[in-house]
file target02.cif (mmCIF, C-alpha atoms)
data_start
#
loop_
_atom_site.group_PDB
_atom_site.id
_atom_site.type_symbol
_atom_site.label_atom_id
_atom_site.label_comp_id
_atom_site.auth_asym_id
_atom_site.auth_seq_id
_atom_site.Cartn_x
_atom_site.Cartn_y
_atom_site.Cartn_z
ATOM 1 C CA THR A 113 85.905 66.194 99.159
ATOM 2 C CA THR A 114 87.786 66.889 102.395
ATOM 3 C CA SER A 115 86.146 69.179 104.975
ATOM 4 C CA TYR A 116 88.298 71.188 107.376
ATOM 5 C CA THR A 117 87.285 72.240 110.877
ATOM 6 C CA LYS A 118 88.515 75.074 113.074
ATOM 7 C CA ALA A 119 90.709 72.570 114.948
ATOM 8 C CA ASP A 120 92.283 71.474 111.657
ATOM 9 C CA GLU A 121 92.889 75.130 110.743
ATOM 10 C CA GLU A 122 94.630 75.870 114.060
ATOM 11 C CA ALA A 123 96.826 72.776 113.730
ATOM 12 C CA GLU A 124 97.805 73.802 110.184
ATOM 13 C CA LYS A 125 98.594 77.356 111.341
ATOM 14 C CA GLN A 126 100.959 76.020 113.995
ATOM 15 C CA ARG A 127 102.639 73.682 111.500
ATOM 16 C CA LEU A 128 103.257 76.607 109.123
ATOM 17 C CA ILE A 129 104.597 78.780 111.950
ATOM 18 C CA ASP A 130 107.049 76.030 112.895
ATOM 19 C CA LEU A 131 108.055 75.503 109.254
ATOM 20 C CA LYS A 132 108.593 79.231 108.697
ATOM 21 C CA ALA A 133 110.856 79.387 111.763
ATOM 22 C CA THR A 134 113.011 76.457 110.656
ATOM 23 C CA ASN A 135 112.990 76.460 106.843
ATOM 24 C CA MET A 136 111.875 79.621 105.018
ATOM 25 C CA THR A 137 112.549 78.117 101.585
ATOM 26 C CA ALA A 138 110.273 75.154 102.255
ATOM 27 C CA PHE A 139 107.665 77.488 103.750
ATOM 28 C CA THR A 140 107.606 79.719 100.652
ATOM 29 C CA LEU A 141 107.439 76.704 98.323
ATOM 30 C CA GLU A 142 104.541 75.243 100.281
ATOM 31 C CA LEU A 143 102.544 78.481 100.026
ATOM 32 C CA ARG A 144 103.135 78.589 96.268
ATOM 33 C CA ASN A 145 102.039 74.961 95.887
ATOM 34 C CA TYR A 146 98.952 75.695 98.006
ATOM 35 C CA VAL A 147 97.845 78.486 95.657
ATOM 36 C CA ASP A 148 98.464 76.285 92.612
ATOM 37 C CA GLN A 149 96.392 73.512 94.207
ATOM 38 C CA ILE A 150 93.475 75.873 94.855
ATOM 39 C CA ASN A 151 93.524 77.063 91.249
ATOM 40 C CA ALA A 152 93.715 73.491 89.912
ATOM 41 C CA THR A 153 91.294 71.637 92.184
ATOM 42 C CA GLY A 154 88.949 74.170 93.782
ATOM 43 C CA PRO A 155 85.216 74.035 92.959
ATOM 44 C CA PRO A 156 84.879 75.781 89.559
ATOM 45 C CA PRO A 157 82.374 78.452 90.717
ATOM 46 C CA LEU A 158 84.482 79.396 93.744
ATOM 47 C CA ALA A 159 88.111 78.774 92.805
ATOM 48 C CA PRO A 160 90.032 82.034 92.349
ATOM 49 C CA ASP A 161 89.964 83.078 88.676
ATOM 50 C CA ASN A 162 93.282 84.842 88.190
ATOM 51 C CA GLU A 163 92.535 85.860 84.599
ATOM 52 C CA LEU A 164 89.254 87.511 85.588
ATOM 53 C CA ARG A 165 90.919 89.185 88.560
ATOM 54 C CA ASP A 166 93.601 90.649 86.299
ATOM 55 C CA ILE A 167 90.871 92.119 84.079
ATOM 56 C CA VAL A 168 89.125 93.652 87.106
ATOM 57 C CA LEU A 169 92.364 95.200 88.386
ATOM 58 C CA ARG A 170 93.335 96.592 84.973
ATOM 59 C CA SER A 171 89.873 98.113 84.614
ATOM 60 C CA SER A 172 89.884 99.785 88.041
ATOM 61 C CA THR A 173 91.446 102.925 89.477
ATOM 62 C CA PRO A 174 94.892 101.975 90.859
ATOM 63 C CA THR A 175 95.176 101.738 94.624
ATOM 64 C CA SER A 176 96.723 104.737 96.364
ATOM 65 C CA ARG A 177 100.243 104.910 97.754
ATOM 66 C CA LEU A 178 98.790 104.703 101.277
ATOM 67 C CA LEU A 179 96.892 101.520 100.476
ATOM 68 C CA ASP A 180 100.011 100.006 98.913
ATOM 69 C CA ASP A 181 102.047 100.926 101.999
ATOM 70 C CA ILE A 182 99.531 99.266 104.346
ATOM 71 C CA TYR A 183 99.297 96.164 102.154
ATOM 72 C CA ASN A 184 103.074 95.727 101.921
ATOM 73 C CA TYR A 185 103.621 96.455 105.617
ATOM 74 C CA THR A 186 101.007 93.846 106.561
ATOM 75 C CA PHE A 187 102.639 91.050 104.569
ATOM 76 C CA ARG A 188 106.129 91.972 105.793
ATOM 77 C CA HIS A 189 105.399 92.390 109.494
ATOM 78 C CA VAL A 190 102.228 90.409 110.304
ATOM 79 C CA PRO A 191 102.171 86.579 110.543
ATOM 80 C CA TYR A 192 101.031 85.179 107.214
ATOM 81 C CA ASP A 193 98.147 83.211 108.728
ATOM 82 C CA ASP A 194 96.624 86.585 109.712
ATOM 83 C CA ALA A 195 97.932 88.668 106.784
ATOM 84 C CA MET A 196 96.272 86.371 104.230
ATOM 85 C CA TYR A 197 92.846 87.638 105.329
ATOM 86 C CA ILE A 198 93.529 91.253 104.312
ATOM 87 C CA CYS A 199 90.984 92.899 102.015
ATOM 88 C CA ALA A 200 91.890 92.480 98.316
ATOM 89 C CA PRO A 201 93.002 95.565 96.331
ATOM 90 C CA GLU A 202 89.995 95.343 93.994
ATOM 91 C CA GLN A 203 87.712 95.272 97.032
ATOM 92 C CA ALA A 204 89.445 98.348 98.449
ATOM 93 C CA VAL A 205 88.810 100.325 95.252
ATOM 94 C CA LEU A 206 85.175 99.190 95.359
ATOM 95 C CA LEU A 207 84.806 100.474 98.943
ATOM 96 C CA THR A 208 86.180 103.912 98.072
ATOM 97 C CA THR A 209 83.836 104.146 95.092
ATOM 98 C CA LEU A 210 80.768 103.118 97.110
ATOM 99 C CA VAL A 211 81.450 105.579 99.936
ATOM 100 C CA ARG A 212 81.769 108.412 97.403
ATOM 101 C CA LEU A 213 78.641 107.273 95.565
ATOM 102 C CA MET A 214 76.673 107.249 98.835
ATOM 103 C CA ARG A 215 77.966 110.718 99.809
ATOM 104 C CA ALA A 216 78.639 109.090 103.177
ATOM 105 C CA ARG A 217 79.851 111.161 106.118
ATOM 106 C CA GLU A 218 79.617 108.627 108.963
ATOM 107 C CA VAL A 219 81.221 105.253 108.154
ATOM 108 C CA LEU A 220 81.805 102.180 110.344
ATOM 109 C CA ASP A 221 84.406 99.461 109.669
ATOM 110 C CA VAL A 222 83.917 96.238 111.666
ATOM 111 C CA GLY A 223 87.145 94.233 111.677
ATOM 112 C CA SER A 224 89.686 96.836 110.582
ATOM 113 C CA PHE A 225 92.786 94.632 111.026
ATOM 114 C CA THR A 226 95.833 96.730 110.001
ATOM 115 C CA GLY A 227 93.714 99.435 108.381
ATOM 116 C CA TYR A 228 93.651 98.499 104.685
ATOM 117 C CA SER A 229 89.863 98.456 104.248
ATOM 118 C CA ALA A 230 89.513 101.368 106.687
ATOM 119 C CA ALA A 231 91.903 103.465 104.588
ATOM 120 C CA ALA A 232 89.876 102.679 101.470
ATOM 121 C CA LEU A 233 86.718 103.828 103.250
ATOM 122 C CA MET A 234 88.354 107.004 104.590
ATOM 123 C CA GLN A 235 89.651 107.932 101.141
ATOM 124 C CA GLY A 236 86.036 108.115 99.977
ATOM 125 C CA LEU A 237 85.036 110.474 102.795
ATOM 126 C CA PRO A 238 85.085 114.256 102.699
ATOM 127 C CA ALA A 239 87.373 116.009 105.193
ATOM 128 C CA SER A 240 84.312 116.650 107.375
ATOM 129 C CA GLY A 241 83.475 112.922 107.491
ATOM 130 C CA ARG A 242 84.328 110.422 110.192
ATOM 131 C CA LEU A 243 85.377 106.765 110.196
ATOM 132 C CA THR A 244 84.801 104.578 113.242
ATOM 133 C CA ALA A 245 86.988 101.451 113.203
ATOM 134 C CA ILE A 246 86.512 98.361 115.399
ATOM 135 C CA GLU A 247 89.395 95.902 115.860
ATOM 136 C CA MET A 248 89.733 93.122 118.421
ATOM 137 C CA LYS A 249 93.537 93.065 118.646
ATOM 138 C CA GLY A 250 95.247 96.128 120.059
ATOM 139 C CA GLU A 251 98.491 95.596 118.157
ATOM 140 C CA TYR A 252 96.672 95.618 114.812
ATOM 141 C CA ALA A 253 94.542 98.603 115.823
ATOM 142 C CA ALA A 254 97.738 100.528 116.624
ATOM 143 C CA ILE A 255 99.157 99.772 113.163
ATOM 144 C CA ALA A 256 95.895 100.898 111.551
ATOM 145 C CA GLU A 257 95.745 104.111 113.555
ATOM 146 C CA GLY A 258 99.302 104.998 112.583
ATOM 147 C CA PHE A 259 98.435 104.813 108.887
ATOM 148 C CA LEU A 260 94.917 106.253 109.077
ATOM 149 C CA SER A 261 95.883 109.324 111.088
ATOM 150 C CA THR A 262 97.512 110.753 107.938
ATOM 151 C CA LEU A 263 94.102 111.156 106.231
ATOM 152 C CA PRO A 264 91.994 114.330 106.533
ATOM 153 C CA ALA A 265 88.711 112.767 107.729
ATOM 154 C CA SER A 266 88.148 112.249 111.471
ATOM 155 C CA LEU A 267 89.037 108.870 112.962
ATOM 156 C CA GLU A 268 87.778 106.920 115.977
ATOM 157 C CA VAL A 269 89.436 103.566 116.752
ATOM 158 C CA ARG A 270 87.642 101.236 119.162
ATOM 159 C CA VAL A 271 89.580 98.205 120.435
ATOM 160 C CA GLY A 272 87.517 95.332 121.763
ATOM 161 C CA ASP A 273 84.892 92.701 121.028
ATOM 162 C CA ALA A 274 82.819 93.787 118.029
ATOM 163 C CA SER A 275 79.495 92.701 119.533
ATOM 164 C CA GLU A 276 80.136 94.753 122.657
ATOM 165 C CA GLU A 277 81.305 97.796 120.696
ATOM 166 C CA LEU A 278 78.274 97.649 118.382
ATOM 167 C CA ALA A 279 75.929 97.407 121.371
ATOM 168 C CA ALA A 280 77.627 100.372 123.049
ATOM 169 C CA MET A 281 77.243 102.516 119.929
ATOM 170 C CA GLU A 282 73.583 101.540 119.614
ATOM 171 C CA ALA A 283 73.015 102.543 123.230
ATOM 172 C CA ALA A 284 74.694 105.882 122.496
ATOM 173 C CA GLY A 285 72.345 106.532 119.565
ATOM 174 C CA ARG A 286 75.050 106.361 116.880
ATOM 175 C CA GLN A 287 73.950 106.056 113.246
ATOM 176 C CA PHE A 288 75.947 105.441 110.069
ATOM 177 C CA ASP A 289 75.613 106.007 106.331
ATOM 178 C CA PHE A 290 77.860 103.087 105.353
ATOM 179 C CA ILE A 291 79.035 100.004 107.267
ATOM 180 C CA SER A 292 81.670 97.442 106.225
ATOM 181 C CA ILE A 293 81.983 94.046 107.961
ATOM 182 C CA ASP A 294 84.983 91.735 107.578
ATOM 183 C CA ALA A 295 85.298 89.808 110.825
ATOM 184 C CA ASP A 296 84.682 86.427 112.491
ATOM 185 C CA LYS A 297 82.504 84.557 109.986
ATOM 186 C CA GLN A 298 80.740 82.528 112.668
ATOM 187 C CA LYS A 299 79.588 85.753 114.336
ATOM 188 C CA GLN A 300 78.839 87.617 111.110
ATOM 189 C CA GLN A 301 75.079 87.113 111.425
ATOM 190 C CA ASP A 302 75.150 88.795 114.847
ATOM 191 C CA TYR A 303 77.212 91.653 113.374
ATOM 192 C CA TYR A 304 74.737 91.954 110.510
ATOM 193 C CA GLU A 305 71.765 92.325 112.845
ATOM 194 C CA ALA A 306 73.558 94.833 115.089
ATOM 195 C CA SER A 307 74.788 96.824 112.098
ATOM 196 C CA LEU A 308 71.322 97.080 110.576
ATOM 197 C CA ARG A 309 70.150 98.779 113.764
ATOM 198 C CA LEU A 310 72.997 101.297 113.416
ATOM 199 C CA LEU A 311 72.467 101.905 109.694
ATOM 200 C CA ARG A 312 70.284 104.822 108.614
ATOM 201 C CA PRO A 313 67.407 104.175 106.185
ATOM 202 C CA ARG A 314 68.786 103.994 102.610
ATOM 203 C CA GLY A 315 72.274 103.436 104.031
ATOM 204 C CA MET A 316 74.563 100.702 102.674
ATOM 205 C CA LEU A 317 76.121 97.646 104.314
ATOM 206 C CA ALA A 318 78.980 95.644 102.733
ATOM 207 C CA MET A 319 79.988 92.191 104.037
ATOM 208 C CA PHE A 320 83.188 90.433 102.970
ATOM 209 C CA GLY A 321 84.195 86.773 102.750
ATOM 210 C CA MET A 322 80.802 85.672 101.447
ATOM 211 C CA MET A 323 82.065 83.245 98.777
ATOM 212 C CA LEU A 324 85.411 81.894 100.001
ATOM 213 C CA TYR A 325 85.955 80.604 103.543
ATOM 214 C CA PRO A 326 88.675 78.454 105.154
ATOM 215 C CA THR A 327 86.675 75.999 107.300
ATOM 216 C CA GLU A 328 83.495 73.961 107.208
ATOM 217 C CA GLU A 329 82.123 75.862 110.228
ATOM 218 C CA ASP A 330 82.659 79.172 108.430
ATOM 219 C CA LYS A 331 80.938 77.831 105.311
ATOM 220 C CA GLU A 332 77.889 76.730 107.293
ATOM 221 C CA ALA A 333 77.670 80.097 109.062
ATOM 222 C CA ILE A 334 77.941 82.071 105.818
ATOM 223 C CA ASP A 335 75.439 79.828 104.021
ATOM 224 C CA ASP A 336 72.924 80.504 106.809
ATOM 225 C CA LEU A 337 73.650 84.246 106.616
ATOM 226 C CA ILE A 338 73.191 84.329 102.831
ATOM 227 C CA THR A 339 69.803 82.615 103.193
ATOM 228 C CA LEU A 340 68.769 85.144 105.837
ATOM 229 C CA VAL A 341 69.913 88.209 103.888
ATOM 230 C CA ALA A 342 68.423 87.098 100.570
ATOM 231 C CA ASN A 343 65.001 86.784 102.237
ATOM 232 C CA ASP A 344 65.288 89.787 104.557
ATOM 233 C CA THR A 345 62.499 92.266 103.807
ATOM 234 C CA ARG A 346 64.436 95.032 105.590
ATOM 235 C CA VAL A 347 67.049 95.264 102.839
ATOM 236 C CA SER A 348 67.652 95.103 99.106
ATOM 237 C CA THR A 349 70.753 93.005 98.429
ATOM 238 C CA THR A 350 73.039 91.504 95.816
ATOM 239 C CA MET A 351 76.296 89.535 95.769
ATOM 240 C CA LEU A 352 79.366 90.718 93.863
ATOM 241 C CA PRO A 353 81.996 88.069 92.960
ATOM 242 C CA VAL A 354 84.836 90.488 93.753
ATOM 243 C CA GLY A 355 87.731 89.076 95.774
ATOM 244 C CA CYS A 356 86.358 86.684 98.387
ATOM 245 C CA GLY A 357 82.780 87.785 97.644
ATOM 246 C CA VAL A 358 81.044 91.010 98.719
ATOM 247 C CA GLN A 359 77.398 91.110 99.797
ATOM 248 C CA LEU A 360 75.926 94.593 99.363
ATOM 249 C CA CYS A 361 72.748 95.569 101.217
ATOM 250 C CA THR A 362 70.807 98.811 101.250
ATOM 251 C CA LYS A 363 68.488 99.352 104.189
ATOM 252 C CA LEU A 364 64.968 100.000 102.990
ATOM 253 C CA GLY A 365 63.062 103.043 104.173
ATOM 254 C CA ASP A 366 60.485 105.493 102.898
ATOM 255 C CA LYS A 367 61.480 108.525 100.857
ATOM 256 C CA ARG A 368 60.976 111.111 103.554
ATOM 257 C CA VAL A 369 63.994 113.300 104.235
ATOM 258 C CA GLU A 370 65.829 111.884 107.237
ATOM 259 C CA PRO A 371 67.213 114.317 109.820
ATOM 260 C CA PRO A 372 70.909 114.901 109.072
ATOM 261 C CA LEU A 373 73.424 113.111 111.229
ATOM 262 C CA PRO A 374 74.967 115.468 113.805
ATOM 263 C CA PRO A 375 78.349 116.846 112.707
ATOM 264 C CA PRO A 376 81.556 116.109 114.643
ATOM 265 C CA ALA A 377 81.917 118.601 117.486
ATOM 266 C CA ASP A 378 85.394 119.872 116.599
ATOM 267 C CA LEU A 379 84.722 121.186 113.063
ATOM 268 C CA SER A 380 85.967 124.631 112.055
ATOM 269 C CA PRO A 381 83.325 127.084 110.756
ATOM 270 C CA GLU A 382 84.410 126.402 107.181
ATOM 271 C CA ALA A 383 84.310 122.616 107.659
ATOM 272 C CA LEU A 384 80.932 122.859 109.412
ATOM 273 C CA ARG A 385 79.485 124.801 106.462
ATOM 274 C CA ARG A 386 80.829 122.190 104.067
ATOM 275 C CA TYR A 387 79.250 119.459 106.217
ATOM 276 C CA GLU A 388 75.885 121.253 106.122
ATOM 277 C CA LEU A 389 76.015 121.602 102.343
ATOM 278 C CA GLU A 390 76.820 117.904 101.951
ATOM 279 C CA ALA A 391 73.880 117.074 104.245
ATOM 280 C CA GLU A 392 71.612 119.128 101.990
ATOM 281 C CA LEU A 393 72.859 117.249 98.928
ATOM 282 C CA SER A 394 72.176 113.919 100.622
ATOM 283 C CA ALA A 395 68.672 115.092 101.530
ATOM 284 C CA ILE A 396 68.043 116.040 97.880
ATOM 285 C CA ASP A 397 69.285 112.603 96.792
ATOM 286 C CA GLY A 398 66.749 111.023 99.160
ATOM 287 C CA MET A 399 63.894 112.893 97.528
ATOM 288 C CA LEU A 400 64.697 111.771 93.975
#

call {"tool": "encode", "arguments": {"input": "target02.cif", "output": "C-alpha cells"}}
result
Amino acid sequence: TTSYTKADEEAEKQRLIDLKATNMTAFTLELRNYVDQINATGPPPLAPDNELRDIVLRSSTPTSRLLDDIYNYTFRHVPYDDAMYICAPEQAVLLTTLVRLMRAREVLDVGSFTGYSAAALMQGLPASGRLTAIEMKGEYAAIAEGFLSTLPASLEVRVGDASEELAAMEAAGRQFDFISIDADKQKQQDYYEASLRLLRPRGMLAMFGMMLYPTEEDKEAIDDLITLVANDTRVSTTMLPVGCGVQLCTKLGDKRVEPPLPPPADLSPEALRRYELEAELSAIDGML
C-alpha cells in the first residue's frame, strides 16, 4: 500500500493545476478515473460507498436552495484542490438537524471555508441565535459572509488562525451550545481541546474528516485524536459514518440548570422575549 505525505500532496496539487490550465479534457478525465480508482481499490471499510450514500440522501430532507447555491458556486469558482474538501450535503442536513435538536442559540463553526457548513448550522438556529464563523483565508470568508448574510440569525465572521481566534474567545468568556470543526487535521486535537473549554456543559461538538484523509500525516493525527476522544472522560462520544466521518461529542456535566447565555445586544424587544423563552425551554430540557 502506498503512503502519501504532505509533500506528495502539494506536488500533486501543482500537477493538477498545470494540467487544468493546459488541457481541461485530460484534467476532467483524470478526476473521473481517480474517483473510480478509489471506489475500486480503497480499503473496504473506508472506501466511499456510493450505493449507501444514495440511500442516505434519498432518506434525508433535501438541501435548501441556499446550500445548493453555495455548493455550486464553490465548485465553479474555487480551485478544485480546495473545493473538494467542502462538507458533503448529507453532513449539512445532519448539522441543521442537530442544531435544532439541541435548541442551540450560540453556535461556532471552525473552518467555515465558503460557508456551506456554516449555512447548514445557521438554518437550524432561531432568528435570535448567533453563528460565529472562523476561516483562515479572507477570500473564502468573504464568499461565506456574502451568502450567510441573507439568513435571519446573527453572524460574526472572524478571519485568522483558528488557534488564536479560539484563545481570544476563551479570554473573552465566550461560550457555545454547539461547535463544528472541519479544519487542518494535524491541528484538530488542539482545536478539540480549545473547543471543549468554550463548550457549555451538555453542549455538542461535531468533528469532520474523521474517517477519510488525504495524507499519511493526517491519518496519524486523526488516529491519535480518535484514541484521545474515545477515552476522554469529559465527553460522551460516537462516530457516524456519514460523508468523510463525523465524530459527535457531548460535554458531560451535572444536571443543574446552567445560567443562560447572554443574548446578543442588538435584539428587538420581541426578539429578546423569544430568546428568553427559548432559554427557559433549554433549562427545562436540562432538568429532564

call {"tool": "atom_distance", "arguments": {"input": "target02.cif", "atom1": "CA of Pro375 (chain A)", "atom2": "CA of Ala232 (chain A)"}}
result
21.4 Å

call {"tool": "closest_residue", "arguments": {"input": "target02.cif", "among": "A:Glu202, A:Gln287, A:Gly365, A:Asn184", "to": "Ser171 (chain A)", "atoms": "all atoms listed in the file"}}
result
A:Glu202

call {"tool": "resolve_selection", "arguments": {"input": "target02.cif", "expression": "the PyMOL selection byres ((chain A and resi 311) around 9)", "output": "short mmCIF file (atom, residue, chain, number, x, y, z; two decimals) with C-alpha atoms, keeping the file's coordinate frame"}}
result
data_model
loop_
_atom_site.label_atom_id
_atom_site.label_comp_id
_atom_site.auth_asym_id
_atom_site.auth_seq_id
_atom_site.Cartn_x
_atom_site.Cartn_y
_atom_site.Cartn_z
CA ARG A 286 75.05 106.36 116.88
CA GLN A 287 73.95 106.06 113.25
CA PHE A 288 75.95 105.44 110.07
CA ASP A 289 75.61 106.01 106.33
CA PHE A 290 77.86 103.09 105.35
CA ILE A 291 79.04 100.00 107.27
CA ALA A 306 73.56 94.83 115.09
CA SER A 307 74.79 96.82 112.10
CA LEU A 308 71.32 97.08 110.58
CA ARG A 309 70.15 98.78 113.76
CA LEU A 310 73.00 101.30 113.42
CA ARG A 312 70.28 104.82 108.61
CA PRO A 313 67.41 104.18 106.18
CA ARG A 314 68.79 103.99 102.61
CA GLY A 315 72.27 103.44 104.03
CA MET A 316 74.56 100.70 102.67
CA LEU A 317 76.12 97.65 104.31
CA LYS A 363 68.49 99.35 104.19
#

call {"tool": "residues_around", "arguments": {"input": "target02.cif", "residues": "region 234-242 of chain A", "least_positions_apart": "3", "cutoff": "7 Å", "atoms": "only C-alpha atoms", "output": "PDB file with C-alpha atoms, in the coordinates of the input"}}
result
ATOM      1  CA  THR A 208      86.180 103.912  98.072  1.00  0.00           C
ATOM      2  CA  THR A 209      83.836 104.146  95.092  1.00  0.00           C
ATOM      3  CA  VAL A 211      81.450 105.579  99.936  1.00  0.00           C
ATOM      4  CA  ARG A 212      81.769 108.412  97.403  1.00  0.00           C
ATOM      5  CA  ALA A 216      78.639 109.090 103.177  1.00  0.00           C
ATOM      6  CA  ARG A 217      79.851 111.161 106.118  1.00  0.00           C
ATOM      7  CA  GLU A 218      79.617 108.627 108.963  1.00  0.00           C
ATOM      8  CA  VAL A 219      81.221 105.253 108.154  1.00  0.00           C
ATOM      9  CA  ALA A 230      89.513 101.368 106.687  1.00  0.00           C
ATOM     10  CA  ALA A 231      91.903 103.465 104.588  1.00  0.00           C
ATOM     11  CA  PRO A 264      91.994 114.330 106.533  1.00  0.00           C
ATOM     12  CA  ALA A 265      88.711 112.767 107.729  1.00  0.00           C
ATOM     13  CA  SER A 266      88.148 112.249 111.471  1.00  0.00           C
ATOM     14  CA  LEU A 267      89.037 108.870 112.962  1.00  0.00           C
ATOM     15  CA  ALA A 383      84.310 122.616 107.659  1.00  0.00           C
ATOM     16  CA  TYR A 387      79.250 119.459 106.217  1.00  0.00           C
TER      17      TYR A 387
END

call {"tool": "residues_around", "arguments": {"input": "target02.cif", "residues": "Tyr192 (chain A)", "least_positions_apart": "3", "cutoff": "12 Å", "atoms": "all atoms listed in the file", "output": "VMD selection string"}}
result
chain A and resid 125 to 126 128 to 129 132 139 to 140 143 184 to 189 195 to 198

call {"tool": "closest_residue", "arguments": {"input": "target02.cif", "among": "A:Thr339, A:Ala119, A:Glu276, A:Arg215", "to": "Leu389 (chain A)", "atoms": "all atoms listed in the file"}}
result
A:Arg215

call {"tool": "closest_residue", "arguments": {"input": "target02.cif", "among": "A:Leu164, A:Leu233, A:Ala284, A:Ala245", "to": "Gly272 (chain A)", "atoms": "all atoms listed in the file"}}
result
A:Ala245

call {"tool": "residues_around", "arguments": {"input": "target02.cif", "residues": "Ala333 (chain A)", "least_positions_apart": "2", "cutoff": "9 Å", "atoms": "all atoms listed in the file", "output": "VMD selection string"}}
result
chain A and resid 297 to 301 328 to 331 335 to 338

call {"tool": "closest_residue", "arguments": {"input": "target02.cif", "among": "A:Glu332, A:Thr349, A:Glu388, A:Ala342", "to": "Ala318 (chain A)", "atoms": "all atoms listed in the file"}}
result
A:Thr349
